[in-house]
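What follows is a single structure, written as structure tokens, with notes after it.
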Amino acid sequence: MSLNDLELMKNTLYSDFDNFWSYNVLKQELENDKTKYIIAKEKNEVVGFAGISVIFDEATLNNIVVKKSCRKRGIGGELLETLIDLCSDLKLKSFTLEVNVENTPAIKLYEKFGFKNLGIRKKYYNNSTDAYIMTKYDL
Ligand SMILES: CC(C)(COP(=O)(O)OP(=O)(O)OC[C@H]1O[C@@H](n2cnc3c(N)ncnc32)[C@H](O)[C@@H]1OP(=O)(O)O)[C@@H](O)C(=O)NCCC(=O)NCCS
């Protein structure tokens, strides 16, 4: 994802996507040299994006989101697979994420791509909902 991609999405970001970091945080993310963001495009329109932070030989998933009207068509899977391939190319040791225990679509997506539930962070979201910590080692 380039800053230009983000600017093109700016007006529809909040209506078309959900459960992602804000525009301002995404902008900072793109300016941070430890992060890598990718987009999925259809007919010149961004329909999904995802990003990781890389510290030493470990990746953390920062965001993965597909446009609401385009879900359940394989785009989230393609984004995640592309990030896994990137981790593999960078010869990273692990790929970790946190996910709300109530976010079944995301949990199923991560399980499908081999992430294992290795722990729980209590009251991680808004000091109320727990998060699973999921990690993939076979990169
Ligand atoms: C999670 C998300 C990225 C999945 O994107 P998607 O494009 O709809 O996912 P895909 O179509 O590629 O589905 C891949 C797998 O995810 C799982 N999955 C996706 N949506 C699901 C749903 N509604 N219910 C159950 N499993 C689901 C399935 O295992 C699916 O594989 P299958 O089609 O073989 O059953 C999407 O729902 C989203 O953007 N959610 C809001 C943002 C979010 O919560 N991100 C995660 C933050 S941790």
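We label chains A, B, ... in the order they appear in the structure tokens, count residues from 1 in each chain, and number ligands from 1 in the order shown.
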For this session: May I ask you to write as a PyMOL selection string all residues lying at most 9 Å from ligand 1, with only C-alpha atoms and all ligand atoms counted?
Result: chain A and resi 17-20+48-50+61-68+70-80+97-100+103-113
Write out, as a short mmCIF file (atom, residue, chain, number, x, y, z; two decimals), in the first residue's frame, the residues just selected, with N, CA and C atoms.
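Done, and the output landed in out-v2.cif:
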```
data_model
loop_
_atom_site.label_atom_id
_atom_site.label_comp_id
_atom_site.auth_asym_id
_atom_site.auth_seq_id
_atom_site.Cartn_x
_atom_site.Cartn_y
_atom_site.Cartn_z
N PHE A 17 -15.15 -0.19 5.07
CA PHE A 17 -14.34 -1.15 5.83
C PHE A 17 -14.69 -1.00 7.31
N ASP A 18 -14.33 -1.97 8.12
CA ASP A 18 -14.47 -1.78 9.56
C ASP A 18 -13.39 -2.56 10.30
N ASN A 19 -13.28 -2.26 11.60
CA ASN A 19 -12.36 -3.00 12.45
C ASN A 19 -10.90 -2.86 11.99
N PHE A 20 -10.53 -1.63 11.66
CA PHE A 20 -9.13 -1.38 11.28
C PHE A 20 -8.66 -0.18 12.07
N GLY A 48 -9.35 -4.52 -0.15
CA GLY A 48 -8.84 -5.10 1.09
C GLY A 48 -7.41 -4.66 1.32
N PHE A 49 -7.00 -4.71 2.57
CA PHE A 49 -5.59 -4.41 2.88
C PHE A 49 -5.18 -5.13 4.14
N ALA A 50 -3.89 -5.27 4.28
CA ALA A 50 -3.36 -5.99 5.44
C ALA A 50 -1.91 -5.56 5.65
N LEU A 61 0.88 -9.33 12.96
CA LEU A 61 -0.17 -8.81 12.07
C LEU A 61 -0.77 -7.57 12.70
N ASN A 62 -0.76 -6.46 11.96
CA ASN A 62 -1.31 -5.21 12.49
C ASN A 62 -2.75 -5.01 12.08
N ASN A 63 -3.10 -5.44 10.89
CA ASN A 63 -4.42 -5.21 10.31
C ASN A 63 -4.67 -6.22 9.21
N ILE A 64 -5.91 -6.67 9.10
CA ILE A 64 -6.33 -7.33 7.86
C ILE A 64 -7.82 -7.04 7.74
N VAL A 65 -8.20 -6.46 6.64
CA VAL A 65 -9.62 -6.08 6.49
C VAL A 65 -10.01 -6.10 5.02
N VAL A 66 -11.19 -6.64 4.79
CA VAL A 66 -11.75 -6.72 3.43
C VAL A 66 -13.00 -5.84 3.39
N LYS A 67 -13.18 -5.15 2.30
CA LYS A 67 -14.37 -4.30 2.11
C LYS A 67 -15.62 -5.12 2.43
N LYS A 68 -16.55 -4.51 3.18
CA LYS A 68 -17.71 -5.28 3.66
C LYS A 68 -18.45 -6.01 2.55
N CYS A 70 -17.38 -7.23 -0.11
CA CYS A 70 -16.56 -8.19 -0.87
C CYS A 70 -16.10 -9.38 -0.03
N ARG A 71 -16.68 -9.54 1.14
CA ARG A 71 -16.22 -10.63 2.03
C ARG A 71 -16.73 -11.98 1.56
N LYS A 72 -16.10 -13.02 2.09
CA LYS A 72 -16.47 -14.42 1.78
C LYS A 72 -16.23 -14.75 0.31
N ARG A 73 -15.28 -14.11 -0.32
CA ARG A 73 -14.94 -14.42 -1.70
C ARG A 73 -13.47 -14.77 -1.85
N GLY A 74 -12.79 -14.98 -0.72
CA GLY A 74 -11.41 -15.43 -0.80
C GLY A 74 -10.36 -14.33 -0.72
N ILE A 75 -10.80 -13.07 -0.63
CA ILE A 75 -9.82 -11.96 -0.65
C ILE A 75 -8.99 -11.94 0.65
N GLY A 76 -9.65 -12.13 1.80
CA GLY A 76 -8.91 -12.16 3.06
C GLY A 76 -7.87 -13.27 3.06
N GLY A 77 -8.25 -14.41 2.54
CA GLY A 77 -7.32 -15.53 2.44
C GLY A 77 -6.13 -15.21 1.56
N GLU A 78 -6.40 -14.55 0.43
CA GLU A 78 -5.29 -14.19 -0.48
C GLU A 78 -4.35 -13.19 0.19
N LEU A 79 -4.93 -12.23 0.92
CA LEU A 79 -4.08 -11.24 1.61
C LEU A 79 -3.20 -11.94 2.65
N LEU A 80 -3.84 -12.82 3.44
CA LEU A 80 -3.07 -13.49 4.50
C LEU A 80 -1.99 -14.39 3.91
N LEU A 97 -0.38 -12.87 15.98
CA LEU A 97 -1.47 -11.88 15.93
C LEU A 97 -2.32 -12.00 17.18
N GLU A 98 -3.08 -10.95 17.43
CA GLU A 98 -4.11 -10.98 18.47
C GLU A 98 -5.45 -10.87 17.78
N VAL A 99 -6.43 -11.61 18.27
CA VAL A 99 -7.77 -11.52 17.67
C VAL A 99 -8.82 -11.59 18.78
N ASN A 100 -9.84 -10.77 18.63
CA ASN A 100 -10.95 -10.76 19.58
C ASN A 100 -11.58 -12.15 19.62
N ASN A 103 -14.50 -12.74 17.40
CA ASN A 103 -14.41 -12.50 15.94
C ASN A 103 -14.23 -13.84 15.19
N THR A 104 -15.33 -14.58 15.10
CA THR A 104 -15.27 -15.92 14.50
C THR A 104 -14.74 -15.92 13.06
N PRO A 105 -15.19 -15.01 12.16
CA PRO A 105 -14.63 -15.06 10.79
C PRO A 105 -13.11 -14.97 10.77
N ALA A 106 -12.56 -14.05 11.58
CA ALA A 106 -11.10 -13.89 11.59
C ALA A 106 -10.42 -15.11 12.20
N ILE A 107 -10.97 -15.63 13.29
CA ILE A 107 -10.34 -16.81 13.92
C ILE A 107 -10.32 -17.98 12.94
N LYS A 108 -11.44 -18.19 12.23
CA LYS A 108 -11.51 -19.29 11.25
C LYS A 108 -10.49 -19.08 10.13
N LEU A 109 -10.37 -17.82 9.70
CA LEU A 109 -9.39 -17.50 8.65
C LEU A 109 -7.98 -17.86 9.11
N TYR A 110 -7.62 -17.46 10.32
CA TYR A 110 -6.27 -17.72 10.82
C TYR A 110 -6.03 -19.23 11.00
N GLU A 111 -7.05 -19.92 11.50
CA GLU A 111 -6.91 -21.39 11.67
C GLU A 111 -6.71 -22.06 10.31
N LYS A 112 -7.44 -21.57 9.32
CA LYS A 112 -7.33 -22.17 7.97
C LYS A 112 -5.90 -22.09 7.45
N PHE A 113 -5.20 -21.00 7.83
CA PHE A 113 -3.84 -20.82 7.33
C PHE A 113 -2.78 -21.26 8.35
#
```
Report as a compact mmCIF listing (two decimals) with N, CA and C atoms, in the first residue's frame: the residues of chain A with a DSSP assignment of strand (DSSP E or B), based on the backbone of this structure.
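Output contents, as saved in out_19.txt:
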```txt
# COMPACT_ATOMS: atom_id res chain seq x y z
N THR A 35 7.14 -1.63 9.03
CA THR A 35 5.86 -2.23 8.61
C THR A 35 5.84 -2.47 7.11
N LYS A 36 5.01 -3.45 6.74
CA LYS A 36 4.78 -3.73 5.32
C LYS A 36 3.29 -3.90 5.11
N TYR A 37 2.72 -3.10 4.23
CA TYR A 37 1.28 -3.16 3.96
C TYR A 37 1.02 -3.54 2.51
N ILE A 38 0.01 -4.40 2.33
CA ILE A 38 -0.37 -4.82 0.98
C ILE A 38 -1.85 -4.50 0.77
N ILE A 39 -2.23 -4.41 -0.51
CA ILE A 39 -3.64 -4.18 -0.83
C ILE A 39 -4.12 -5.22 -1.82
N ALA A 40 -5.44 -5.44 -1.82
CA ALA A 40 -6.07 -6.24 -2.88
C ALA A 40 -6.90 -5.26 -3.71
N LYS A 41 -6.77 -5.36 -5.04
CA LYS A 41 -7.49 -4.44 -5.91
C LYS A 41 -8.39 -5.19 -6.87
N GLU A 42 -9.55 -4.65 -7.14
CA GLU A 42 -10.44 -5.17 -8.19
C GLU A 42 -10.90 -3.99 -9.02
N GLU A 45 -10.02 -0.63 -7.83
CA GLU A 45 -10.54 -0.19 -6.53
C GLU A 45 -9.94 -1.06 -5.43
N VAL A 46 -9.54 -0.44 -4.32
CA VAL A 46 -8.98 -1.22 -3.21
C VAL A 46 -10.13 -1.94 -2.49
N VAL A 47 -10.05 -3.26 -2.41
CA VAL A 47 -11.11 -4.05 -1.77
C VAL A 47 -10.61 -4.73 -0.48
N GLY A 48 -9.35 -4.52 -0.15
CA GLY A 48 -8.84 -5.10 1.09
C GLY A 48 -7.41 -4.66 1.32
N PHE A 49 -7.00 -4.71 2.57
CA PHE A 49 -5.59 -4.41 2.88
C PHE A 49 -5.18 -5.13 4.14
N ALA A 50 -3.89 -5.27 4.28
CA ALA A 50 -3.36 -5.99 5.44
C ALA A 50 -1.91 -5.56 5.65
N GLY A 51 -1.47 -5.63 6.91
CA GLY A 51 -0.10 -5.20 7.16
C GLY A 51 0.52 -5.89 8.36
N ILE A 52 1.83 -5.96 8.32
CA ILE A 52 2.59 -6.56 9.41
C ILE A 52 3.67 -5.58 9.88
N SER A 53 4.11 -5.81 11.12
CA SER A 53 5.35 -5.19 11.61
C SER A 53 6.39 -6.29 11.72
N VAL A 54 7.61 -5.97 11.36
CA VAL A 54 8.69 -6.97 11.46
C VAL A 54 9.74 -6.46 12.44
N ILE A 55 9.94 -7.22 13.51
CA ILE A 55 10.98 -6.89 14.49
C ILE A 55 11.87 -8.11 14.61
N GLU A 58 10.66 -11.80 13.77
CA GLU A 58 9.26 -12.08 14.09
C GLU A 58 8.35 -11.05 13.43
N ALA A 59 7.23 -11.54 12.88
CA ALA A 59 6.23 -10.64 12.31
C ALA A 59 5.00 -10.61 13.20
N THR A 60 4.36 -9.45 13.25
CA THR A 60 3.08 -9.30 13.96
C THR A 60 2.07 -8.74 12.97
N LEU A 61 0.88 -9.33 12.96
CA LEU A 61 -0.17 -8.81 12.07
C LEU A 61 -0.77 -7.57 12.70
N ASN A 62 -0.76 -6.46 11.96
CA ASN A 62 -1.31 -5.21 12.49
C ASN A 62 -2.75 -5.01 12.08
N ASN A 63 -3.10 -5.44 10.89
CA ASN A 63 -4.42 -5.21 10.31
C ASN A 63 -4.67 -6.22 9.21
N ILE A 64 -5.91 -6.67 9.10
CA ILE A 64 -6.33 -7.33 7.86
C ILE A 64 -7.82 -7.04 7.74
N VAL A 65 -8.20 -6.46 6.64
CA VAL A 65 -9.62 -6.08 6.49
C VAL A 65 -10.01 -6.10 5.02
N VAL A 66 -11.19 -6.64 4.79
CA VAL A 66 -11.75 -6.72 3.43
C VAL A 66 -13.00 -5.84 3.39
N SER A 94 8.58 -16.50 13.08
CA SER A 94 7.20 -16.64 13.54
C SER A 94 6.34 -15.47 13.05
N PHE A 95 5.04 -15.72 13.03
CA PHE A 95 4.05 -14.72 12.59
C PHE A 95 2.93 -14.79 13.65
N THR A 96 2.76 -13.69 14.41
CA THR A 96 1.83 -13.69 15.55
C THR A 96 0.76 -12.62 15.38
N LEU A 97 -0.38 -12.87 15.98
CA LEU A 97 -1.47 -11.88 15.93
C LEU A 97 -2.32 -12.00 17.18
N GLU A 98 -3.08 -10.95 17.43
CA GLU A 98 -4.11 -10.98 18.47
C GLU A 98 -5.45 -10.87 17.78
N VAL A 99 -6.43 -11.61 18.27
CA VAL A 99 -7.77 -11.52 17.67
C VAL A 99 -8.82 -11.59 18.78
N ASN A 100 -9.84 -10.77 18.63
CA ASN A 100 -10.95 -10.76 19.58
C ASN A 100 -11.58 -12.15 19.62
N LYS A 116 -1.98 -21.18 15.27
CA LYS A 116 -2.41 -21.95 16.45
C LYS A 116 -2.65 -21.00 17.60
N ASN A 117 -3.72 -21.30 18.35
CA ASN A 117 -4.07 -20.48 19.50
C ASN A 117 -3.14 -20.84 20.67
N LEU A 118 -2.24 -19.91 21.01
CA LEU A 118 -1.22 -20.23 22.01
C LEU A 118 -1.44 -19.54 23.35
N GLY A 119 -2.47 -18.68 23.44
CA GLY A 119 -2.68 -18.00 24.72
C GLY A 119 -3.81 -17.02 24.63
N ILE A 120 -4.03 -16.36 25.75
CA ILE A 120 -5.14 -15.41 25.81
C ILE A 120 -4.67 -14.15 26.53
N ARG A 121 -5.06 -13.01 26.02
CA ARG A 121 -4.82 -11.76 26.75
C ARG A 121 -6.17 -11.31 27.30
N LYS A 122 -6.28 -11.28 28.61
CA LYS A 122 -7.54 -10.95 29.26
C LYS A 122 -7.86 -9.47 29.07
N LYS A 123 -9.12 -9.18 28.77
CA LYS A 123 -9.64 -7.80 28.66
C LYS A 123 -8.75 -6.93 27.77
N TYR A 124 -8.31 -7.48 26.65
CA TYR A 124 -7.37 -6.80 25.75
C TYR A 124 -8.05 -5.65 25.00
N TYR A 125 -9.33 -5.85 24.62
CA TYR A 125 -10.04 -4.82 23.84
C TYR A 125 -10.92 -3.99 24.77
N THR A 129 -13.15 -7.20 26.37
CA THR A 129 -13.15 -8.48 25.66
C THR A 129 -11.74 -9.06 25.57
N ASP A 130 -11.67 -10.39 25.70
CA ASP A 130 -10.37 -11.07 25.64
C ASP A 130 -9.86 -11.22 24.20
N ALA A 131 -8.57 -11.41 24.07
CA ALA A 131 -7.95 -11.69 22.76
C ALA A 131 -7.23 -13.03 22.83
N TYR A 132 -7.34 -13.80 21.75
CA TYR A 132 -6.47 -14.96 21.59
C TYR A 132 -5.16 -14.48 20.97
N ILE A 133 -4.08 -15.10 21.40
CA ILE A 133 -2.78 -14.87 20.76
C ILE A 133 -2.56 -16.08 19.86
N MET A 134 -2.45 -15.83 18.55
CA MET A 134 -2.29 -16.94 17.61
C MET A 134 -0.96 -16.78 16.86
N THR A 135 -0.27 -17.89 16.69
CA THR A 135 1.05 -17.83 16.05
C THR A 135 1.19 -18.93 15.01
N LYS A 136 1.91 -18.59 13.95
CA LYS A 136 2.28 -19.58 12.93
C LYS A 136 3.80 -19.64 12.88
```
Seminar exercise, completed: Using only C-alpha atoms, the shortest atom-to-atom distance to Asn24 of chain A among A:Leu6, A:Cys87, A:Met1, A:Leu92 belongs to A:Leu6
Exercise. When DSSP works through the backbone of this structure, what residues of segment 18-78 of chain A end up as helix (DSSP H, G or I), shown as a PyMOL selection string?
Worked result: chain A and resi 23-31+68-70+75-78
Same residues, C-alpha atoms, output as a PDB file, in the first residue's frame:
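Everything below was put into result_31.pdb:
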```pdb
ATOM      1  CA  TYR A  23      -6.690   6.777   8.793  1.00  0.00           C
ATOM      2  CA  ASN A  24      -4.120   8.706  10.851  1.00  0.00           C
ATOM      3  CA  VAL A  25      -2.644   5.546  12.363  1.00  0.00           C
ATOM      4  CA  LEU A  26      -2.565   3.849   8.956  1.00  0.00           C
ATOM      5  CA  LYS A  27      -0.687   6.862   7.575  1.00  0.00           C
ATOM      6  CA  GLN A  28       1.890   6.580  10.364  1.00  0.00           C
ATOM      7  CA  GLU A  29       2.102   2.858   9.689  1.00  0.00           C
ATOM      8  CA  LEU A  30       2.999   3.508   6.044  1.00  0.00           C
ATOM      9  CA  GLU A  31       5.746   5.904   7.104  1.00  0.00           C
ATOM     10  CA  LYS A  68     -17.715  -5.277   3.665  1.00  0.00           C
ATOM     11  CA  SER A  69     -19.422  -5.938   0.324  1.00  0.00           C
ATOM     12  CA  CYS A  70     -16.561  -8.187  -0.875  1.00  0.00           C
ATOM     13  CA  ILE A  75      -9.823 -11.963  -0.649  1.00  0.00           C
ATOM     14  CA  GLY A  76      -8.906 -12.157   3.062  1.00  0.00           C
ATOM     15  CA  GLY A  77      -7.324 -15.535   2.443  1.00  0.00           C
ATOM     16  CA  GLU A  78      -5.286 -14.187  -0.476  1.00  0.00           C
TER      17      GLU A  78
END
```
